[in-house]
>>> print(open('target.cif').read())   # mmCIF, C-alpha atoms and all ligand atoms
data_entry
#
loop_
_atom_site.label_atom_id
_atom_site.label_comp_id
_atom_site.auth_asym_id
_atom_site.auth_seq_id
_atom_site.Cartn_x
_atom_site.Cartn_y
_atom_site.Cartn_z
CA LEU A 1 96.15 121.53 137.40
CA TRP A 2 97.86 119.20 134.99
CA VAL A 3 96.45 116.01 133.56
CA VAL A 4 99.06 113.72 132.11
CA ASP A 5 98.50 111.84 128.90
CA LYS A 6 96.97 108.48 129.32
CA ILE A 7 99.59 105.99 130.44
CA THR A 8 98.92 102.66 128.83
CA ASN A 9 102.26 100.94 128.91
CA LEU A 10 104.52 100.94 131.92
CA SER A 11 107.49 99.31 130.28
CA THR A 12 109.20 102.64 129.60
CA THR A 13 109.99 105.37 132.10
CA TYR A 14 107.35 107.89 132.88
CA PRO A 15 108.47 111.42 133.62
CA HIS A 16 104.95 112.12 134.89
CA ILE A 17 105.19 109.53 137.60
CA THR A 18 108.48 111.10 138.67
CA GLN A 19 106.88 114.54 138.57
CA ALA A 20 103.89 113.31 140.61
CA ALA A 21 106.19 111.58 143.12
CA HIS A 22 108.12 114.81 143.47
CA LEU A 23 104.91 116.75 144.15
CA LEU A 24 103.91 114.20 146.80
CA ARG A 25 107.26 114.66 148.52
CA GLU A 26 106.64 118.41 148.45
CA ASN A 27 103.38 117.78 150.33
CA GLU A 28 101.12 118.49 147.36
CA VAL A 29 98.08 116.32 146.45
CA VAL A 30 97.92 114.28 143.26
CA ALA A 31 95.21 111.92 141.93
CA PHE A 32 96.27 108.55 140.55
CA PRO A 33 94.59 105.36 139.35
CA THR A 34 94.32 102.27 141.51
CA GLU A 35 92.70 98.99 140.47
CA THR A 36 89.54 99.98 142.42
CA VAL A 37 88.93 103.72 141.99
CA TYR A 38 91.14 106.81 141.54
CA GLY A 39 92.80 107.89 144.77
CA LEU A 40 93.73 111.39 145.93
CA GLY A 41 97.23 110.91 147.31
CA ALA A 42 99.28 112.87 149.81
CA ASN A 43 102.26 112.23 152.08
CA ALA A 44 100.71 110.40 155.05
CA CYS A 45 103.46 111.67 157.35
CA SER A 46 102.69 115.35 156.82
CA ASP A 47 99.84 117.23 158.52
CA GLU A 48 100.10 119.91 155.86
CA ALA A 49 99.73 117.42 153.01
CA VAL A 50 96.91 115.43 154.61
CA ARG A 51 94.99 118.60 155.42
CA LYS A 52 94.97 119.37 151.68
CA ILE A 53 93.15 116.09 150.99
CA TYR A 54 90.33 116.92 153.40
CA GLN A 55 90.12 120.44 151.99
CA ALA A 56 90.04 119.42 148.32
CA LYS A 57 87.38 116.76 148.88
CA GLY A 58 85.32 118.68 151.42
CA ARG A 59 85.66 115.59 153.60
CA PRO A 60 84.58 115.57 157.27
CA SER A 61 87.74 115.48 159.40
CA ASP A 62 86.50 112.57 161.56
CA ASN A 63 86.65 110.19 158.57
CA PRO A 64 90.08 108.50 158.51
CA LEU A 65 92.11 107.81 155.35
CA ILE A 66 93.62 104.60 154.02
CA VAL A 67 97.42 104.50 153.91
CA HIS A 68 98.87 102.99 150.74
CA ILE A 69 102.21 101.21 150.63
CA ALA A 70 104.09 99.59 147.75
CA SER A 71 105.91 96.89 149.71
CA VAL A 72 104.86 94.59 152.55
CA ASN A 73 108.17 95.48 154.27
CA LYS A 74 106.77 98.92 155.05
CA LEU A 75 103.86 97.48 156.99
CA ASP A 76 105.51 97.14 160.38
CA GLU A 77 106.81 100.70 160.22
CA ILE A 78 103.25 101.93 160.73
CA VAL A 79 101.22 99.16 162.42
CA LYS A 80 101.80 96.59 165.20
CA ASP A 81 100.26 93.41 166.69
CA ILE A 82 99.55 91.99 163.24
CA PRO A 83 97.63 88.71 163.72
CA ASP A 84 98.68 85.59 161.78
CA TYR A 85 95.46 85.59 159.80
CA ALA A 86 96.30 89.07 158.50
CA TYR A 87 99.58 87.74 157.10
CA LYS A 88 97.67 84.93 155.39
CA LEU A 89 95.39 87.51 153.77
CA ILE A 90 98.35 89.64 152.73
CA ASN A 91 99.98 86.64 151.06
CA GLU A 92 96.82 85.90 149.17
CA PHE A 93 95.35 89.30 148.32
CA TRP A 94 98.14 91.89 148.28
CA PRO A 95 98.70 93.72 146.12
CA GLY A 96 94.96 94.08 145.64
CA PRO A 97 91.64 95.57 146.81
CA LEU A 98 91.87 94.68 150.51
CA THR A 99 92.39 97.24 153.30
CA LEU A 100 93.41 95.93 156.72
CA ILE A 101 92.60 97.89 159.88
CA LEU A 102 95.40 97.34 162.39
CA PRO A 103 96.69 99.00 165.58
CA LYS A 104 98.74 102.07 164.79
CA LYS A 105 102.42 102.02 165.68
CA GLY A 106 104.53 105.02 166.66
CA ASP A 107 103.81 108.56 165.58
CA ARG A 108 105.21 108.66 162.07
CA LEU A 109 101.79 109.11 160.47
CA SER A 110 99.97 112.41 160.69
CA THR A 111 97.22 112.11 163.31
CA LEU A 112 94.88 113.61 160.69
CA VAL A 113 95.20 110.38 158.64
CA THR A 114 93.68 108.28 161.41
CA ALA A 115 91.27 111.02 162.54
CA GLY A 116 92.53 110.45 166.06
CA LEU A 117 91.84 106.67 166.07
CA GLU A 118 94.35 104.16 167.51
CA THR A 119 94.02 102.04 164.36
CA VAL A 120 95.03 102.64 160.77
CA GLY A 121 93.78 101.21 157.48
CA VAL A 122 96.58 99.98 155.20
CA ARG A 123 96.50 98.64 151.69
CA MET A 124 98.89 97.77 148.89
CA PRO A 125 97.17 98.49 145.57
CA SER A 126 97.90 96.35 142.53
CA HIS A 127 97.68 99.03 139.84
CA PRO A 128 101.15 99.39 138.27
CA ILE A 129 100.92 103.21 138.18
CA ALA A 130 99.93 103.35 141.87
CA LEU A 131 102.76 101.01 142.82
CA SER A 132 105.38 102.95 140.82
CA LEU A 133 104.19 106.25 142.22
CA ILE A 134 104.24 105.13 145.86
CA ARG A 135 107.62 103.50 145.39
CA GLU A 136 109.09 106.63 143.84
CA ALA A 137 107.57 108.95 146.42
CA ASP A 138 109.12 106.68 149.07
CA VAL A 139 106.66 107.75 151.77
CA PRO A 140 103.38 106.10 152.84
CA ILE A 141 100.59 107.65 150.79
CA ALA A 142 97.25 108.58 152.35
CA ALA A 143 94.60 108.31 149.66
CA PRO A 144 90.83 108.45 149.84
CA SER A 145 88.80 108.11 146.66
CA ALA A 146 89.45 111.19 144.50
CA ASN A 147 85.85 112.43 144.35
CA GLN A 148 84.13 115.36 145.95
CA SER A 149 82.89 114.03 149.30
CA GLY A 150 79.45 112.41 148.90
CA LYS A 151 79.67 111.88 145.12
CA PRO A 152 80.25 108.49 143.47
CA SER A 153 83.92 107.50 143.52
CA PRO A 154 85.89 108.18 140.33
CA THR A 155 86.62 105.31 137.98
CA HIS A 156 87.90 107.52 135.13
CA ALA A 157 90.33 110.46 135.22
CA SER A 158 87.53 112.63 133.79
CA HIS A 159 85.49 112.02 136.97
CA VAL A 160 88.37 113.35 139.06
CA TYR A 161 88.75 116.34 136.77
CA HIS A 162 85.02 117.07 137.05
CA ASP A 163 85.04 117.03 140.86
CA LEU A 164 88.47 118.41 141.78
CA ASN A 165 89.67 120.65 138.94
CA GLY A 166 91.33 123.69 140.49
CA LYS A 167 91.64 122.07 143.91
CA ILE A 168 94.54 119.63 143.42
CA SER A 169 97.98 119.66 141.80
CA GLY A 170 97.52 116.95 139.19
CA ILE A 171 95.92 113.79 137.87
CA ILE A 172 97.66 110.80 136.35
CA ASP A 173 95.27 109.32 133.78
CA GLY A 174 95.52 105.55 133.69
CA GLY A 175 92.22 104.96 131.90
CA ALA A 176 89.31 103.09 133.52
CA THR A 177 90.25 101.60 136.88
CA GLY A 178 88.94 98.02 136.60
CA VAL A 179 87.34 96.65 139.77
CA GLY A 180 85.13 99.73 139.97
CA VAL A 181 84.17 99.54 143.66
CA GLU A 182 86.54 100.38 146.49
CA SER A 183 88.65 97.97 148.50
CA THR A 184 87.14 95.72 151.14
CA VAL A 185 87.84 97.22 154.58
CA LEU A 186 88.56 94.46 157.10
CA ASP A 187 88.97 95.15 160.81
CA CYS A 188 91.83 92.94 162.03
CA SER A 189 91.93 94.41 165.52
CA SER A 190 89.05 92.17 166.66
CA THR A 191 89.24 88.41 167.33
CA VAL A 192 86.87 87.57 164.50
CA PRO A 193 87.92 89.58 161.45
CA THR A 194 85.09 91.95 160.56
CA ILE A 195 84.18 93.49 157.20
CA LEU A 196 83.47 97.18 157.77
CA ARG A 197 83.00 97.90 154.05
CA PRO A 198 82.35 95.20 151.44
CA GLY A 199 84.51 95.71 148.35
CA GLY A 200 86.69 94.20 145.67
CA VAL A 201 87.73 91.11 147.68
CA THR A 202 84.59 89.19 148.61
CA LYS A 203 83.62 87.66 151.96
CA GLU A 204 83.69 84.25 150.27
CA GLN A 205 87.27 84.83 149.08
CA LEU A 206 88.41 85.93 152.56
CA GLU A 207 86.74 82.92 154.21
CA SER A 208 88.36 80.52 151.79
CA VAL A 209 91.73 81.62 153.21
CA ILE A 210 91.10 82.24 156.93
CA GLY A 211 87.72 80.74 157.81
CA GLU A 212 85.04 82.73 159.61
CA VAL A 213 84.73 86.40 158.72
CA GLN A 214 81.81 88.52 159.91
CA LEU A 215 80.00 91.52 158.49
CA ASP A 216 79.95 94.56 160.78
CA GLN A 217 76.53 94.60 162.43
CA ALA A 218 76.00 98.15 161.14
CA LEU A 219 76.05 96.79 157.57
CA ILE A 220 73.16 94.51 158.47
CA ASP A 221 71.24 96.67 160.96
CA GLU A 222 70.72 100.24 159.74
CA GLY A 223 70.10 101.57 163.23
CA LEU A 224 73.64 100.90 164.48
CA ALA A 225 76.58 103.30 164.34
CA PRO A 226 79.18 101.93 161.93
CA LYS A 227 82.72 101.20 163.17
CA SER A 228 84.08 102.60 159.95
CA PRO A 229 83.43 106.32 160.34
CA GLY A 230 83.09 106.80 156.59
CA MET A 231 80.13 104.47 156.38
CA LYS A 232 77.83 106.84 158.25
CA TYR A 233 77.89 109.57 155.63
CA THR A 234 75.66 109.89 152.58
CA HIS A 235 77.68 108.51 149.76
CA TYR A 236 77.84 107.65 146.12
CA ALA A 237 74.87 109.89 145.45
CA PRO A 238 74.09 111.38 142.06
CA ASN A 239 72.10 114.65 142.02
CA ALA A 240 68.72 112.96 141.57
CA PRO A 241 67.29 110.68 144.28
CA VAL A 242 67.92 106.97 143.73
CA VAL A 243 65.33 104.32 144.54
CA LEU A 244 66.11 100.60 144.43
CA VAL A 245 63.40 98.38 143.01
CA ASN A 246 63.24 94.77 144.06
CA GLY A 247 60.91 92.81 141.81
CA ARG A 248 60.16 91.69 138.27
CA LEU A 249 60.79 93.94 135.25
CA GLU A 250 57.03 94.39 134.75
CA PHE A 251 56.84 95.84 138.23
CA LEU A 252 59.77 98.17 137.59
CA GLN A 253 58.11 99.33 134.35
CA LYS A 254 54.88 100.08 136.25
CA ILE A 255 56.78 102.28 138.72
CA ILE A 256 58.54 104.08 135.84
CA ASN A 257 55.22 104.71 134.04
CA LYS A 258 53.61 106.10 137.16
CA HIS A 259 56.39 108.65 137.67
CA GLN A 260 56.58 109.62 134.00
CA LYS A 261 52.83 110.24 134.05
CA GLU A 262 53.43 112.62 136.94
CA GLY A 263 55.72 114.56 134.58
CA LYS A 264 59.03 113.38 136.03
CA LYS A 265 62.09 112.71 133.92
CA VAL A 266 62.93 109.15 134.91
CA GLY A 267 66.34 107.46 134.71
CA VAL A 268 66.70 103.70 135.00
CA LEU A 269 69.79 101.74 135.95
CA THR A 270 69.46 98.32 134.39
CA THR A 271 71.69 95.67 132.82
CA GLU A 272 72.51 94.58 129.27
CA GLU A 273 70.20 91.59 129.65
CA ASN A 274 67.20 93.81 130.42
CA ILE A 275 67.80 97.07 128.61
CA ASN A 276 65.54 96.26 125.65
CA GLN A 277 62.63 95.40 127.89
CA LEU A 278 62.41 98.73 129.73
CA GLN A 279 61.17 102.12 128.58
CA ALA A 280 61.92 105.40 130.33
CA ASN A 281 63.34 108.84 129.58
CA LYS A 282 66.86 107.53 130.08
CA VAL A 283 67.68 103.84 130.45
CA ILE A 284 71.34 102.92 131.02
CA ALA A 285 72.78 99.42 131.12
CA CYS A 286 75.32 98.89 133.90
CA GLY A 287 77.20 95.76 132.92
CA ARG A 288 75.77 92.26 132.75
CA ARG A 289 73.73 90.59 135.45
CA ALA A 290 75.37 87.29 134.54
CA ASN A 291 78.74 88.74 135.60
CA LEU A 292 78.47 91.06 138.60
CA GLN A 293 82.08 92.20 138.18
CA THR A 294 81.00 94.03 135.02
CA VAL A 295 78.25 95.75 137.03
CA ALA A 296 80.77 96.85 139.68
CA ALA A 297 83.15 98.12 137.00
CA GLU A 298 80.56 100.45 135.46
CA LEU A 299 78.49 101.39 138.51
CA TYR A 300 79.96 104.79 139.39
CA ASP A 301 80.28 105.90 135.77
CA VAL A 302 76.60 105.08 135.21
CA LEU A 303 75.51 106.92 138.39
CA ARG A 304 77.44 109.97 137.18
CA LYS A 305 75.85 109.75 133.71
CA PHE A 306 72.43 110.38 135.23
CA ASP A 307 73.76 113.76 136.43
CA ASP A 308 74.54 114.71 132.80
CA GLU A 309 71.01 113.70 131.79
CA GLU A 310 69.48 115.82 134.54
CA VAL A 311 66.85 113.23 135.41
CA ASP A 312 64.46 113.88 138.33
CA ILE A 313 64.58 110.40 139.81
CA ILE A 314 66.58 107.20 139.22
CA PHE A 315 65.15 103.71 139.63
CA SER A 316 67.70 100.92 139.90
CA GLU A 317 67.47 97.19 139.59
CA SER A 318 68.54 95.22 142.67
CA PHE A 319 71.34 92.66 142.60
CA PRO A 320 71.98 89.43 144.50
CA GLN A 321 74.14 90.03 147.59
CA ILE A 322 76.68 87.35 146.76
CA GLY A 323 80.31 87.83 145.75
CA VAL A 324 80.93 91.40 144.61
CA GLY A 325 77.12 91.83 144.65
CA GLU A 326 77.50 92.58 148.38
CA ALA A 327 79.60 95.68 147.56
CA ILE A 328 77.32 96.71 144.66
CA MET A 329 74.20 96.58 146.84
CA ASN A 330 75.99 98.34 149.71
CA ARG A 331 76.83 101.29 147.40
CA LEU A 332 73.41 101.35 145.74
CA LEU A 333 71.63 101.31 149.11
CA LYS A 334 73.80 104.21 150.26
CA ALA A 335 73.15 106.11 147.04
CA ALA A 336 69.45 105.46 147.65
CA GLY A 337 69.56 106.45 151.31
CA ASN A 338 68.10 102.95 151.89
CA GLN A 339 64.96 103.67 149.82
CA VAL A 340 63.80 100.35 148.42
CA ILE A 341 60.49 99.49 146.77
CA GLU A 342 59.59 95.82 147.14
CA GLU A 343 57.22 94.28 144.63
CA TYR A 344 53.75 93.94 146.09
O1 LIG B 1 89.77 101.19 147.09
C1 LIG B 1 89.97 102.01 147.98
O2 LIG B 1 90.00 101.69 149.19
C2 LIG B 1 90.18 103.48 147.57
C3 LIG B 1 91.49 103.57 146.79
C4 LIG B 1 91.86 104.99 146.44
O3 LIG B 1 92.52 102.94 147.50
N1 LIG B 1 90.21 104.32 148.73
C5 LIG B 1 89.09 104.61 149.44
O4 LIG B 1 89.30 105.48 150.48
O5 LIG B 1 88.01 104.15 149.18
P1 LIG B 1 88.11 106.25 151.23
O6 LIG B 1 88.79 107.22 152.11
O7 LIG B 1 87.20 106.80 150.22
O8 LIG B 1 87.45 105.17 152.11
C6 LIG B 1 88.13 104.66 153.25
C7 LIG B 1 87.17 103.95 154.17
C8 LIG B 1 86.24 104.91 154.88
O9 LIG B 1 84.97 104.32 155.01
C9 LIG B 1 86.93 105.06 156.25
O10 LIG B 1 86.03 105.43 157.27
C10 LIG B 1 87.49 103.67 156.46
O11 LIG B 1 87.93 103.27 155.18
N2 LIG B 1 88.63 103.67 157.39
C11 LIG B 1 89.86 104.22 157.20
N3 LIG B 1 90.62 104.07 158.30
C12 LIG B 1 89.87 103.42 159.20
C13 LIG B 1 90.08 102.97 160.56
N4 LIG B 1 91.23 103.16 161.18
N5 LIG B 1 89.06 102.33 161.19
C14 LIG B 1 87.88 102.10 160.55
N6 LIG B 1 87.63 102.51 159.29
C15 LIG B 1 88.59 103.16 158.63
MG MG B 2 85.45 107.44 149.33
#
>>> encode(input="target.cif", output="structure tokens", more="lines below")
Ligand code: TXA
Ligand code: MG
Amino acid sequence: LWVVDKITNLSTTYPHITQAAHLLRENEVVAFPTETVYGLGANACSDEAVRKIYQAKGRPSDNPLIVHIASVNKLDEIVKDIPDYAYKLINEFWPGPLTLILPKKGDRLSTLVTAGLETVGVRMPSHPIALSLIREADVPIAAPSANQSGKPSPTHASHVYHDLNGKISGIIDGGATGVGVESTVLDCSSTVPTILRPGGVTKEQLESVIGEVQLDQALIDEGLAPKSPGMKYTHYAPNAPVVLVNGRLEFLQKIINKHQKEGKKVGVLTTEENINQLQANKVIACGRRANLQTVAAELYDVLRKFDDEEVDIIFSESFPQIGVGEAIMNRLLKAAGNQVIEEY
């Protein structure tokens, strides 16, 4: 495995991007930064290459992958029946953290990418390294998040190294990713566009461009099977169990005290505003409550830090489900296996 030096300035040529593009064309797998999380890329047209993604991640084969392109012109080579509203969204949000689910066209893509579905998720990332790499590889790039399946997605190259060292051909280190949560997955094969996974582009932003957008019922009602196969798996989970606490800080402190008295090593995910008001074995601030984008940006790194601390249980603050807060709470609830303590 090689890890390239941190690329901080794209104004010169990067032999490593050329090297990575070459590996992708040879059907090898390479991790690269996107503006959301690091992706594990492979040639989406090759069964051999795509199989390596599932193997490296330990990903269930019924969970389809997002195909990444570097130019809107490539879109109608792989999907068809693109509704007008999808074009409006593309104009507004591409390149960026929005994945569109559209009917698959032809048989150019490996059937492993779509896990046998008739639709395919496509996105054009905005990270300059991702764009250069896809452009140079000159093939559509299948790329899930570059974590071991079930773990929090990687927002630093070191996270990828930790999970996939020895299992992939290389990592391009572009520093911290930025948005911090994955792209919004929007089903555009239904009449009312439906969010299957909340992410970097918010419901409010989508609605400001195309009007009504709905949340997949499975995101609201736990009992239902999600339309996005990936959403049914345990996800984003650190080693210790996570419990969300919905209430005042005094209440959270009471819960912490109770568990510490029982001899547990307690971790707490809080925010910069509240960190000085809480006491536990390990208290970590995850961004600022006043700006939920900073919470999203640090979320996965903070969840991973609790693994290093070897805590027994993690209590997390809850966040308002508005804007990117929808994606933050979606990931935290998954990490917590829906365990929430409400203040009584
Ligand atoms: O931000 C992102 O989207 C990152 C970066 C690397 O681009 N990628 C990412 O990929 O998060 P992954 O594989 O970890 O998540 C893809 C999600 C899964 O929940 C999957 O089930 C869903 O998208 N998905 C992919 N194709 C689909 C399809 N045809 N229909 C429904 N859901 C689909
Ligand atoms: Mg993932």
>>> residues_near_ligand(input="target.cif", ligand="ligand MG 2 (chain B)", cutoff="12 Å", atoms="all atoms listed in the file", output="PyMOL selection string")
chain A and resi 36-40+53-54+57-60+63-66+143-155+181-185+197+199+228-237+300+331
>>> atom_distance(input="target.cif", atom1="atom N4 of ligand LIG 1 (chain B)", atom2="atom CA of A:Val160")
24.5 Å
>>> closest_residue(input="target.cif", among="A:Leu292, A:Val192, A:Ile82, A:Leu89", to="A:Pro103", atoms="all atoms listed in the file")
A:Ile82
>>> closest_residue(input="target.cif", among="A:Asn281, A:Ser132, A:Ser189, A:Asn257", to="ligand LIG 1 (chain B)", atoms="only C-alpha atoms and all ligand atoms")
A:Ser189
>>> atom_distance(input="target.cif", atom1="atom O4 of ligand LIG 1 (chain B)", atom2="atom CA of A:Gly106")
22.2 Å
>>> residues_around(input="target.cif", residues="A:Phe319", least_positions_apart="2", cutoff="10 Å", atoms="only C-alpha atoms", output="PyMOL selection string")
chain A and resi 244-246+289+292+295+316-317+321-322+324-326+328-329+332
>>> atom_distance(input="target.cif", atom1="atom CA of A:Asp301", atom2="atom CA of A:Asp62")
27.4 Å
>>> residues_around(input="target.cif", residues="A:Lys167", least_positions_apart="5", cutoff="10 Å", atoms="only C-alpha atoms", output="list in words")
Leu1, Val29, Lys52, Ile53, Gln55, Ala56, Lys57 and Tyr161 of chain A
>>> residues_around(input="target.cif", residues="A:Val179", least_positions_apart="4", cutoff="7 Å", atoms="all atoms listed in the file", output="list in words")
Glu35, Thr36, Gly200, Ala296 and Ala297 of chain A
>>> closest_residue(input="target.cif", among="A:Glu207, A:Glu262, A:Asp187, A:Asp138", to="ligand LIG 1 (chain B)", atoms="only C-alpha atoms and all ligand atoms")
A:Asp187
>>> residues_around(input="target.cif", residues="A:Leu206", least_positions_apart="5", cutoff="10 Å", atoms="all atoms listed in the file", output="ChimeraX atom specification")
/A:88-89,92-93,98,184,186,193,195,201,211-213
>>> axis_aligned_box(input="target.cif", around="stretch 72-84 of chain A", padding_each_side="6 Å", output="lines of an AutoDock Vina configuration file")
center_x = 102.9
center_y = 93.8
center_z = 159.6
size_x = 22.5
size_y = 28.3
size_z = 26.1
>>> closest_residue(input="target.cif", among="A:Glu118, A:Glu28, A:Asp107, A:Asp81", to="ligand LIG 1 (chain B)", atoms="all atoms listed in the file")
A:Glu118
>>> closest_residue(input="target.cif", among="A:Asn239, A:Gly263, A:Asp84, A:Leu117", to="ligand LIG 1 (chain B)", atoms="all atoms listed in the file")
A:Leu117
>>> build_atoms(input="target.cif", residues="stretch 163-177 of chain A", atoms="N, CA and C atoms", output="PDB file, keeping the file's coordinate frame")
ATOM      1  N   ASP A 163      85.270 116.704 139.436  1.00  0.00           N
ATOM      2  CA  ASP A 163      85.040 117.030 140.860  1.00  0.00           C
ATOM      3  C   ASP A 163      86.114 117.943 141.454  1.00  0.00           C
ATOM      4  N   LEU A 164      87.373 117.787 141.020  1.00  0.00           N
ATOM      5  CA  LEU A 164      88.470 118.410 141.780  1.00  0.00           C
ATOM      6  C   LEU A 164      89.317 119.397 140.985  1.00  0.00           C
ATOM      7  N   ASN A 165      88.948 119.676 139.746  1.00  0.00           N
ATOM      8  CA  ASN A 165      89.670 120.650 138.940  1.00  0.00           C
ATOM      9  C   ASN A 165      89.824 121.963 139.707  1.00  0.00           C
ATOM     10  N   GLY A 166      91.064 122.435 139.787  1.00  0.00           N
ATOM     11  CA  GLY A 166      91.330 123.690 140.490  1.00  0.00           C
ATOM     12  C   GLY A 166      91.644 123.510 141.968  1.00  0.00           C
ATOM     13  N   LYS A 167      91.439 122.292 142.477  1.00  0.00           N
ATOM     14  CA  LYS A 167      91.640 122.070 143.910  1.00  0.00           C
ATOM     15  C   LYS A 167      92.850 121.186 144.219  1.00  0.00           C
ATOM     16  N   ILE A 168      93.424 120.538 143.186  1.00  0.00           N
ATOM     17  CA  ILE A 168      94.540 119.630 143.420  1.00  0.00           C
ATOM     18  C   ILE A 168      95.661 119.913 142.411  1.00  0.00           C
ATOM     19  N   SER A 169      96.833 119.331 142.652  1.00  0.00           N
ATOM     20  CA  SER A 169      97.980 119.660 141.800  1.00  0.00           C
ATOM     21  C   SER A 169      97.992 118.902 140.483  1.00  0.00           C
ATOM     22  N   GLY A 170      97.459 117.688 140.451  1.00  0.00           N
ATOM     23  CA  GLY A 170      97.520 116.950 139.190  1.00  0.00           C
ATOM     24  C   GLY A 170      96.755 115.648 139.219  1.00  0.00           C
ATOM     25  N   ILE A 171      96.582 115.094 138.030  1.00  0.00           N
ATOM     26  CA  ILE A 171      95.920 113.790 137.870  1.00  0.00           C
ATOM     27  C   ILE A 171      96.777 112.955 136.937  1.00  0.00           C
ATOM     28  N   ILE A 172      97.049 111.737 137.302  1.00  0.00           N
ATOM     29  CA  ILE A 172      97.660 110.800 136.350  1.00  0.00           C
ATOM     30  C   ILE A 172      96.521 109.977 135.757  1.00  0.00           C
ATOM     31  N   ASP A 173      96.361 110.047 134.455  1.00  0.00           N
ATOM     32  CA  ASP A 173      95.270 109.320 133.780  1.00  0.00           C
ATOM     33  C   ASP A 173      95.756 107.928 133.399  1.00  0.00           C
ATOM     34  N   GLY A 174      95.164 106.929 134.027  1.00  0.00           N
ATOM     35  CA  GLY A 174      95.520 105.550 133.690  1.00  0.00           C
ATOM     36  C   GLY A 174      94.357 104.831 133.025  1.00  0.00           C
ATOM     37  N   GLY A 175      93.392 105.590 132.514  1.00  0.00           N
ATOM     38  CA  GLY A 175      92.220 104.960 131.900  1.00  0.00           C
ATOM     39  C   GLY A 175      91.235 104.483 132.958  1.00  0.00           C
ATOM     40  N   ALA A 176      90.302 103.624 132.573  1.00  0.00           N
ATOM     41  CA  ALA A 176      89.310 103.090 133.520  1.00  0.00           C
ATOM     42  C   ALA A 176      90.021 102.224 134.559  1.00  0.00           C
ATOM     43  N   THR A 177      89.501 102.248 135.800  1.00  0.00           N
ATOM     44  CA  THR A 177      90.250 101.600 136.880  1.00  0.00           C
ATOM     45  C   THR A 177      90.167 100.075 136.882  1.00  0.00           C
TER      46      THR A 177
END
